[in-house]
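Q: Can you read through this structure? Questions will come right after.
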Amino acid sequence: MRVTGALLSAVAGALAASVVSGAALAQSMTPMRGEVVSVSDAFAVRIFPSNPYDRPIRVDVRVYDQDFAPVGGVRISASPVMLASGASRPVIVAIPFDGRRERKVRVCAESIPFPNSQTQVRAQICGKFLGKRAS
(Lines give C-alpha, C1' and ligand atoms only; values in the text may rest on other atoms or scores of the structure.)
Protein backbone atom coordinates (compact mmCIF):
# COMPACT_ATOMS: atom_id res chain seq x y z
CA MET A 1 0.00 0.00 0.00
CA ARG A 2 1.34 3.38 -0.97
CA VAL A 3 0.54 6.49 1.08
CA THR A 4 0.46 9.74 -0.83
CA GLY A 5 1.95 12.97 0.49
CA ALA A 6 -1.48 14.61 0.68
CA LEU A 7 -2.93 11.77 2.75
CA LEU A 8 0.10 11.77 5.05
CA SER A 9 -0.22 15.54 5.54
CA ALA A 10 -3.93 15.22 6.32
CA VAL A 11 -3.31 12.49 8.92
CA ALA A 12 -0.47 14.48 10.51
CA GLY A 13 -2.64 17.61 10.63
CA ALA A 14 -5.54 15.75 12.23
CA LEU A 15 -3.22 14.23 14.81
CA ALA A 16 -1.68 17.61 15.64
CA ALA A 17 -5.12 19.20 15.95
CA SER A 18 -6.30 16.48 18.34
CA VAL A 19 -3.21 16.89 20.52
CA VAL A 20 -3.51 20.69 20.65
CA SER A 21 -7.28 20.71 21.26
CA GLY A 22 -7.07 18.39 24.29
CA ALA A 23 -7.28 20.47 27.46
CA ALA A 24 -4.23 20.11 29.65
CA LEU A 25 -5.34 20.74 33.22
CA ALA A 26 -2.83 21.45 35.93
CA GLN A 27 -3.06 22.53 39.51
CA SER A 28 -1.76 26.08 39.82
CA MET A 29 -0.67 28.72 42.27
CA THR A 30 -0.13 32.45 41.88
CA PRO A 31 2.14 34.31 42.23
CA MET A 32 5.11 32.12 41.32
CA ARG A 33 7.77 34.66 42.29
CA GLY A 34 7.99 37.57 44.65
CA GLU A 35 10.18 39.85 46.72
CA VAL A 36 9.02 41.13 50.09
CA VAL A 37 10.59 43.82 52.30
CA SER A 38 9.70 43.59 55.98
CA VAL A 39 10.50 45.66 59.06
CA SER A 40 9.80 42.80 61.48
CA ASP A 41 11.55 39.49 62.20
CA ALA A 42 9.38 37.69 59.61
CA PHE A 43 7.92 38.34 56.18
CA ALA A 44 4.56 37.32 54.75
CA VAL A 45 3.53 36.04 51.34
CA ARG A 46 -0.05 35.69 50.07
CA ILE A 47 -0.54 32.89 47.56
CA PHE A 48 -3.59 31.68 45.69
CA PRO A 49 -3.67 27.90 45.09
CA SER A 50 -6.32 26.97 42.52
CA ASN A 51 -8.09 23.83 41.36
CA PRO A 52 -8.75 23.44 37.61
CA TYR A 53 -10.20 19.93 37.96
CA ASP A 54 -13.88 18.92 37.85
CA ARG A 55 -13.69 17.47 41.38
CA PRO A 56 -12.65 18.95 44.74
CA ILE A 57 -9.06 18.58 45.94
CA ARG A 58 -7.25 19.08 49.25
CA VAL A 59 -4.14 21.25 49.10
CA ASP A 60 -1.42 21.44 51.75
CA VAL A 61 0.82 24.53 51.80
CA ARG A 62 4.44 23.93 52.79
CA VAL A 63 7.58 26.06 52.90
CA TYR A 64 11.07 24.91 51.96
CA ASP A 65 14.43 26.67 51.75
CA GLN A 66 16.14 27.11 48.40
CA ASP A 67 17.51 23.53 48.65
CA PHE A 68 14.05 22.07 49.43
CA ALA A 69 14.73 21.45 53.12
CA PRO A 70 11.62 22.17 55.27
CA VAL A 71 11.59 25.57 57.00
CA GLY A 72 10.60 25.66 60.66
CA GLY A 73 8.64 28.31 62.53
CA VAL A 74 6.36 29.05 59.58
CA ARG A 75 2.78 30.18 60.22
CA ILE A 76 0.16 29.35 57.58
CA SER A 77 -3.34 30.84 57.69
CA ALA A 78 -5.07 27.69 56.38
CA SER A 79 -3.53 24.34 55.61
CA PRO A 80 -4.73 21.95 54.39
CA VAL A 81 -7.25 23.78 52.23
CA MET A 82 -10.24 22.19 50.50
CA LEU A 83 -10.75 23.65 47.01
CA ALA A 84 -13.93 23.10 45.02
CA SER A 85 -13.81 22.55 41.28
CA GLY A 86 -12.49 25.71 39.59
CA ALA A 87 -11.95 27.47 42.94
CA SER A 88 -9.03 29.49 44.26
CA ARG A 89 -8.40 30.65 47.81
CA PRO A 90 -5.91 33.06 49.39
CA VAL A 91 -3.46 31.61 51.92
CA ILE A 92 -1.13 33.82 53.95
CA VAL A 93 2.26 32.37 54.87
CA ALA A 94 4.53 34.07 57.47
CA ILE A 95 8.20 33.04 57.29
CA PRO A 96 10.75 33.96 60.00
CA PHE A 97 14.11 35.47 59.00
CA ASP A 98 15.89 33.44 61.73
CA GLY A 99 18.48 36.21 62.26
CA ARG A 100 19.25 36.65 58.55
CA ARG A 101 18.93 39.87 56.55
CA GLU A 102 17.58 37.94 53.53
CA ARG A 103 15.87 34.60 53.13
CA LYS A 104 15.06 32.69 49.95
CA VAL A 105 12.21 30.21 50.25
CA ARG A 106 9.96 28.08 48.10
CA VAL A 107 6.28 28.13 49.03
CA CYS A 108 4.57 25.03 47.65
CA ALA A 109 0.95 24.00 47.19
CA GLU A 110 0.78 20.19 47.30
CA SER A 111 -2.38 18.27 46.47
CA ILE A 112 -3.29 15.53 48.95
CA PRO A 113 -4.93 12.42 47.46
CA PHE A 114 -8.19 11.34 49.08
CA PRO A 115 -8.09 8.01 50.93
CA ASN A 116 -9.43 5.04 48.94
CA SER A 117 -9.34 6.96 45.65
CA GLN A 118 -7.99 5.39 42.50
CA THR A 119 -5.61 8.26 41.83
CA GLN A 120 -2.80 8.64 44.37
CA VAL A 121 -0.74 11.29 42.54
CA ARG A 122 0.53 14.23 44.57
CA ALA A 123 1.04 17.38 42.51
CA GLN A 124 3.45 20.00 43.84
CA ILE A 125 3.52 23.58 42.55
CA CYS A 126 6.18 25.86 44.06
CA GLY A 127 6.87 29.57 43.89
CA LYS A 128 10.19 31.23 44.75
CA PHE A 129 10.17 34.15 47.17
CA LEU A 130 12.84 36.43 48.58
CA GLY A 131 12.35 38.13 51.92
CA LYS A 132 14.50 41.15 52.79
CA ARG A 133 14.72 42.83 56.17
CA ALA A 134 14.43 46.62 55.94
CA SER A 135 17.44 48.50 57.27
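Please note that chains go A, B, ... in the order of the C-alpha coordinates, that every chain numbers its residues from 1, and that ligands are numbered from 1 in the order shown.
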Which residues come within 8 Å of A:Arg133, counting only C-alpha atoms, excluding same-chain residues fewer than 4 positions away, as a list of chain:residue names?

A: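 Counting only C-alpha atoms, the residues come to A:Val37, A:Ser38, A:Val39, A:Ser40, A:Asp41, A:Phe97, A:Arg101, A:Glu102.
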
Q: Run DSSP on the backbone of this structure and report the residues of stretch 10-108 of chain A it assigns to alpha helix (DSSP H), as an NGL selection string.

A: :A and (10-21)

Q: Kindly export the residues of the current selection with all heavy atoms, as an mmCIF file, in the first residue's frame.

A:
data_model
loop_
_atom_site.group_PDB
_atom_site.id
_atom_site.type_symbol
_atom_site.label_atom_id
_atom_site.label_comp_id
_atom_site.auth_asym_id
_atom_site.auth_seq_id
_atom_site.Cartn_x
_atom_site.Cartn_y
_atom_site.Cartn_z
ATOM 1 N N ALA A 10 -2.614 15.126 5.693
ATOM 2 C CA ALA A 10 -3.931 15.224 6.322
ATOM 3 C C ALA A 10 -3.956 14.477 7.652
ATOM 4 O O ALA A 10 -4.498 14.960 8.647
ATOM 5 C CB ALA A 10 -5.004 14.672 5.378
ATOM 6 N N VAL A 11 -3.357 13.271 7.678
ATOM 7 C CA VAL A 11 -3.309 12.491 8.916
ATOM 8 C C VAL A 11 -2.466 13.204 9.969
ATOM 9 O O VAL A 11 -2.861 13.301 11.138
ATOM 10 C CB VAL A 11 -2.770 11.064 8.644
ATOM 11 C CG1 VAL A 11 -2.493 10.338 9.946
ATOM 12 C CG2 VAL A 11 -3.744 10.291 7.791
ATOM 13 N N ALA A 12 -1.325 13.752 9.569
ATOM 14 C CA ALA A 12 -0.468 14.479 10.507
ATOM 15 C C ALA A 12 -1.178 15.714 11.046
ATOM 16 O O ALA A 12 -1.104 16.029 12.238
ATOM 17 C CB ALA A 12 0.840 14.869 9.836
ATOM 18 N N GLY A 13 -1.901 16.421 10.190
ATOM 19 C CA GLY A 13 -2.640 17.613 10.628
ATOM 20 C C GLY A 13 -3.740 17.271 11.609
ATOM 21 O O GLY A 13 -3.950 17.954 12.604
ATOM 22 N N ALA A 14 -4.472 16.175 11.325
ATOM 23 C CA ALA A 14 -5.539 15.754 12.232
ATOM 24 C C ALA A 14 -4.979 15.334 13.583
ATOM 25 O O ALA A 14 -5.540 15.650 14.634
ATOM 26 C CB ALA A 14 -6.337 14.611 11.608
ATOM 27 N N LEU A 15 -3.862 14.640 13.563
ATOM 28 C CA LEU A 15 -3.220 14.226 14.809
ATOM 29 C C LEU A 15 -2.752 15.439 15.610
ATOM 30 O O LEU A 15 -2.980 15.517 16.817
ATOM 31 C CB LEU A 15 -2.037 13.305 14.516
ATOM 32 C CG LEU A 15 -1.277 12.773 15.735
ATOM 33 C CD1 LEU A 15 -2.205 11.956 16.620
ATOM 34 C CD2 LEU A 15 -0.091 11.948 15.309
ATOM 35 N N ALA A 16 -2.143 16.400 14.952
ATOM 36 C CA ALA A 16 -1.683 17.612 15.637
ATOM 37 C C ALA A 16 -2.850 18.392 16.212
ATOM 38 O O ALA A 16 -2.789 18.893 17.334
ATOM 39 C CB ALA A 16 -0.873 18.485 14.681
ATOM 40 N N ALA A 17 -3.941 18.481 15.466
ATOM 41 C CA ALA A 17 -5.119 19.205 15.955
ATOM 42 C C ALA A 17 -5.714 18.522 17.175
ATOM 43 O O ALA A 17 -6.149 19.179 18.124
ATOM 44 C CB ALA A 17 -6.160 19.328 14.851
ATOM 45 N N SER A 18 -5.734 17.177 17.187
ATOM 46 C CA SER A 18 -6.298 16.481 18.338
ATOM 47 C C SER A 18 -5.425 16.639 19.571
ATOM 48 O O SER A 18 -5.914 16.711 20.688
ATOM 49 C CB SER A 18 -6.512 14.997 18.019
ATOM 50 O OG SER A 18 -5.263 14.347 17.894
ATOM 51 N N VAL A 19 -4.117 16.705 19.390
ATOM 52 C CA VAL A 19 -3.211 16.894 20.519
ATOM 53 C C VAL A 19 -3.350 18.299 21.077
ATOM 54 O O VAL A 19 -3.411 18.511 22.283
ATOM 55 C CB VAL A 19 -1.742 16.613 20.107
ATOM 56 C CG1 VAL A 19 -0.783 17.038 21.185
ATOM 57 C CG2 VAL A 19 -1.566 15.145 19.788
ATOM 58 N N VAL A 20 -3.416 19.303 20.216
ATOM 59 C CA VAL A 20 -3.510 20.691 20.655
ATOM 60 C C VAL A 20 -4.858 20.984 21.283
ATOM 61 O O VAL A 20 -4.955 21.722 22.257
ATOM 62 C CB VAL A 20 -3.236 21.644 19.466
ATOM 63 C CG1 VAL A 20 -3.532 23.078 19.830
ATOM 64 C CG2 VAL A 20 -1.800 21.490 19.002
ATOM 65 N N SER A 21 -5.948 20.392 20.758
ATOM 66 C CA SER A 21 -7.276 20.713 21.263
ATOM 67 C C SER A 21 -7.580 20.053 22.599
ATOM 68 O O SER A 21 -8.487 20.474 23.292
ATOM 69 C CB SER A 21 -8.338 20.310 20.240
ATOM 70 O OG SER A 21 -8.356 18.898 20.112
#

Q: I need the residue nearest A:Pro90 from this list: A:Leu130, A:Val61, A:Pro52, A:Pro70. Use only C-alpha atoms for the distance.

A: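 Using only C-alpha atoms, A:Pro90 sits closest to A:Val61.
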
Q: Can you list, as an NGL selection string, every protein, DNA or RNA residue that comes within 6 Å of A:Ile76 when you count only C-alpha atoms, leaving out same-chain residues fewer than 2 positions away?

A: :A and (78 or 92-93)

Q: Produce a file of the selected residues containing all heavy atoms, as a PDB file, in the first residue's frame.

A:
ATOM      1  N   ALA A  78      -4.176  28.841  56.560  1.00  0.00           N
ATOM      2  CA  ALA A  78      -5.072  27.695  56.380  1.00  0.00           C
ATOM      3  C   ALA A  78      -4.339  26.603  55.630  1.00  0.00           C
ATOM      4  O   ALA A  78      -3.929  26.807  54.498  1.00  0.00           O
ATOM      5  CB  ALA A  78      -6.314  28.104  55.601  1.00  0.00           C
ATOM      6  N   ILE A  92      -2.219  32.948  53.511  1.00  0.00           N
ATOM      7  CA  ILE A  92      -1.126  33.816  53.949  1.00  0.00           C
ATOM      8  C   ILE A  92      -0.100  32.968  54.692  1.00  0.00           C
ATOM      9  O   ILE A  92      -0.446  32.193  55.579  1.00  0.00           O
ATOM     10  CB  ILE A  92      -1.643  34.954  54.837  1.00  0.00           C
ATOM     11  CG1 ILE A  92      -2.608  35.823  54.020  1.00  0.00           C
ATOM     12  CG2 ILE A  92      -0.485  35.791  55.371  1.00  0.00           C
ATOM     13  CD1 ILE A  92      -3.326  36.866  54.818  1.00  0.00           C
ATOM     14  N   VAL A  93       1.164  33.148  54.298  1.00  0.00           N
ATOM     15  CA  VAL A  93       2.262  32.372  54.866  1.00  0.00           C
ATOM     16  C   VAL A  93       3.260  33.359  55.477  1.00  0.00           C
ATOM     17  O   VAL A  93       3.743  34.257  54.785  1.00  0.00           O
ATOM     18  CB  VAL A  93       2.958  31.523  53.779  1.00  0.00           C
ATOM     19  CG1 VAL A  93       4.063  30.696  54.385  1.00  0.00           C
ATOM     20  CG2 VAL A  93       1.953  30.649  53.056  1.00  0.00           C
TER      21      VAL A  93
END

Q: If DSSP is run on the backbone, what residues of stretch 13-135 of chain A are strand (DSSP E)? A reply as a PyMOL selection string would be ideal.

A: chain A and resi 28-30+33-38+42-50+57-65+75-76+81-83+91-96+102-112+124-133

Q: I'd like the contact shell of A:Val107 - 10 Å cut-off, only C-alpha atoms, skipping same-chain residues fewer than 5 positions apart - returned as a list in words.

A: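 The residues satisfying every condition are Met29, Met32, Arg33, Val45, Arg46, Ile47, Val61, Arg62, Val63, Tyr64, Asp65, Gln66, Phe68, Val71, Val93, Ile95, Ile125, Cys126, Gly127, Lys128 and Phe129 of chain A.
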
Q: Output N, CA, C and O atoms for every residue in the selection just made, as a short mmCIF file (atom, residue, chain, number, x, y, z; two decimals), in the first residue's frame.

A:
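Final output, result-v4.cif:
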data_model
loop_
_atom_site.label_atom_id
_atom_site.label_comp_id
_atom_site.auth_asym_id
_atom_site.auth_seq_id
_atom_site.Cartn_x
_atom_site.Cartn_y
_atom_site.Cartn_z
N MET A 29 -0.83 27.83 41.13
CA MET A 29 -0.67 28.72 42.27
C MET A 29 -0.13 30.04 41.74
O MET A 29 0.73 30.07 40.86
N MET A 32 4.05 33.13 41.33
CA MET A 32 5.11 32.12 41.32
C MET A 32 6.45 32.69 41.78
O MET A 32 7.38 31.95 42.05
N ARG A 33 6.55 34.00 41.83
CA ARG A 33 7.77 34.66 42.29
C ARG A 33 7.38 35.93 43.04
O ARG A 33 6.34 36.51 42.79
N VAL A 45 3.83 36.22 52.76
CA VAL A 45 3.53 36.04 51.34
C VAL A 45 2.08 35.57 51.24
O VAL A 45 1.66 34.71 52.02
N ARG A 46 1.32 36.15 50.31
CA ARG A 46 -0.05 35.69 50.07
C ARG A 46 -0.07 34.96 48.73
O ARG A 46 0.30 35.53 47.71
N ILE A 47 -0.47 33.70 48.78
CA ILE A 47 -0.54 32.89 47.56
C ILE A 47 -1.99 32.50 47.31
O ILE A 47 -2.83 32.58 48.21
N VAL A 61 -0.19 23.52 52.11
CA VAL A 61 0.82 24.53 51.80
C VAL A 61 2.03 24.27 52.69
O VAL A 61 1.90 24.14 53.91
N ARG A 62 3.19 24.18 52.06
CA ARG A 62 4.44 23.93 52.79
C ARG A 62 5.51 24.90 52.33
O ARG A 62 5.47 25.38 51.20
N VAL A 63 6.49 25.13 53.21
CA VAL A 63 7.58 26.06 52.90
C VAL A 63 8.91 25.33 53.02
O VAL A 63 9.16 24.63 54.00
N TYR A 64 9.74 25.52 52.01
CA TYR A 64 11.07 24.91 51.96
C TYR A 64 12.11 26.00 51.72
O TYR A 64 11.79 27.05 51.16
N ASP A 65 13.37 25.73 52.09
CA ASP A 65 14.43 26.67 51.75
C ASP A 65 14.79 26.47 50.29
O ASP A 65 14.17 25.66 49.59
N GLN A 66 15.81 27.19 49.82
CA GLN A 66 16.14 27.11 48.40
C GLN A 66 16.67 25.74 47.98
O GLN A 66 16.71 25.42 46.79
N PHE A 68 15.21 22.91 49.14
CA PHE A 68 14.05 22.07 49.43
C PHE A 68 14.11 21.36 50.78
O PHE A 68 13.53 20.29 50.95
N VAL A 71 11.31 24.40 56.17
CA VAL A 71 11.59 25.57 57.00
C VAL A 71 10.72 25.51 58.24
O VAL A 71 9.51 25.29 58.15
N VAL A 93 1.16 33.15 54.30
CA VAL A 93 2.26 32.37 54.87
C VAL A 93 3.26 33.36 55.48
O VAL A 93 3.74 34.26 54.78
N ILE A 95 6.93 33.76 57.22
CA ILE A 95 8.20 33.04 57.29
C ILE A 95 9.18 33.84 58.14
O ILE A 95 9.42 35.02 57.85
N ILE A 125 3.27 22.35 43.29
CA ILE A 125 3.52 23.58 42.55
C ILE A 125 4.22 24.52 43.52
O ILE A 125 3.70 24.80 44.60
N CYS A 126 5.41 25.03 43.14
CA CYS A 126 6.18 25.86 44.06
C CYS A 126 6.49 27.23 43.43
O CYS A 126 6.79 27.32 42.25
N GLY A 127 6.45 28.24 44.28
CA GLY A 127 6.87 29.57 43.89
C GLY A 127 8.11 29.95 44.68
O GLY A 127 8.31 29.49 45.80
N LYS A 128 8.96 30.80 44.08
CA LYS A 128 10.19 31.23 44.75
C LYS A 128 10.01 32.67 45.26
O LYS A 128 9.58 33.54 44.52
N PHE A 129 10.35 32.85 46.54
CA PHE A 129 10.17 34.15 47.17
C PHE A 129 11.43 34.56 47.92
O PHE A 129 12.12 33.73 48.50
#

Q: Work out how far apart atom CA of A:Val81 and atom CA of A:Phe48 are and give it in Å to one decimal.

A: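 Computed distance, atom CA of A:Val81 to atom CA of A:Phe48, equals 10.9 Å.
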
Q: List the neighbours of A:Gly73 out to 9 Å using only C-alpha atoms; skip same-chain residues closer than 3 positions along the sequence, and give me the result as a tab-separated table (two decimals) with N, CA and C atoms, in the first residue's frame.

A:
chain	number	residue	atom	x	y	z
A	94	ALA	N	3.55	33.22	56.78
A	94	ALA	CA	4.53	34.07	57.47
A	94	ALA	C	5.79	33.25	57.72
A	95	ILE	N	6.93	33.76	57.22
A	95	ILE	CA	8.20	33.04	57.29
A	95	ILE	C	9.18	33.84	58.14
A	96	PRO	N	9.78	33.23	59.17
A	96	PRO	CA	10.75	33.96	60.00
A	96	PRO	C	12.09	34.14	59.26
A	98	ASP	N	14.93	34.22	60.95
A	98	ASP	CA	15.89	33.44	61.73
A	98	ASP	C	17.25	34.13	61.82

Q: One decimal, Å: what's the distance from atom CA of A:Tyr53 over to atom CA of A:Ser85, could you say?

A: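 Atom CA of A:Ser85 lies at a distance of 5.6 Å from atom CA of A:Tyr53.
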
Q: Considering only C-alpha atoms, state which residue in the set A:Met82, A:Lys132, A:Ala87, A:Glu110 is at the smallest distance from A:Ile57.

A: A:Met82

Q: Between atom CA of A:Ser111 and atom CA of A:Phe43, measure the distance and give it in Å to one decimal.

A: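 Taking atom CA of A:Ser111 and atom CA of A:Phe43, their separation equals 24.6 Å.
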
Q: When you count only C-alpha atoms, which of these residues is closest to A:Gly86: A:Arg122, A:Arg100, A:Ser28, A:Val105?

A: A:Ser28

Q: Between A:Pro56, A:Gly131, A:Gly34, A:Pro49, single out the one closest to A:Ser79, counting only C-alpha atoms.

A: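 Closest to A:Ser79 of all the choices is A:Pro49.
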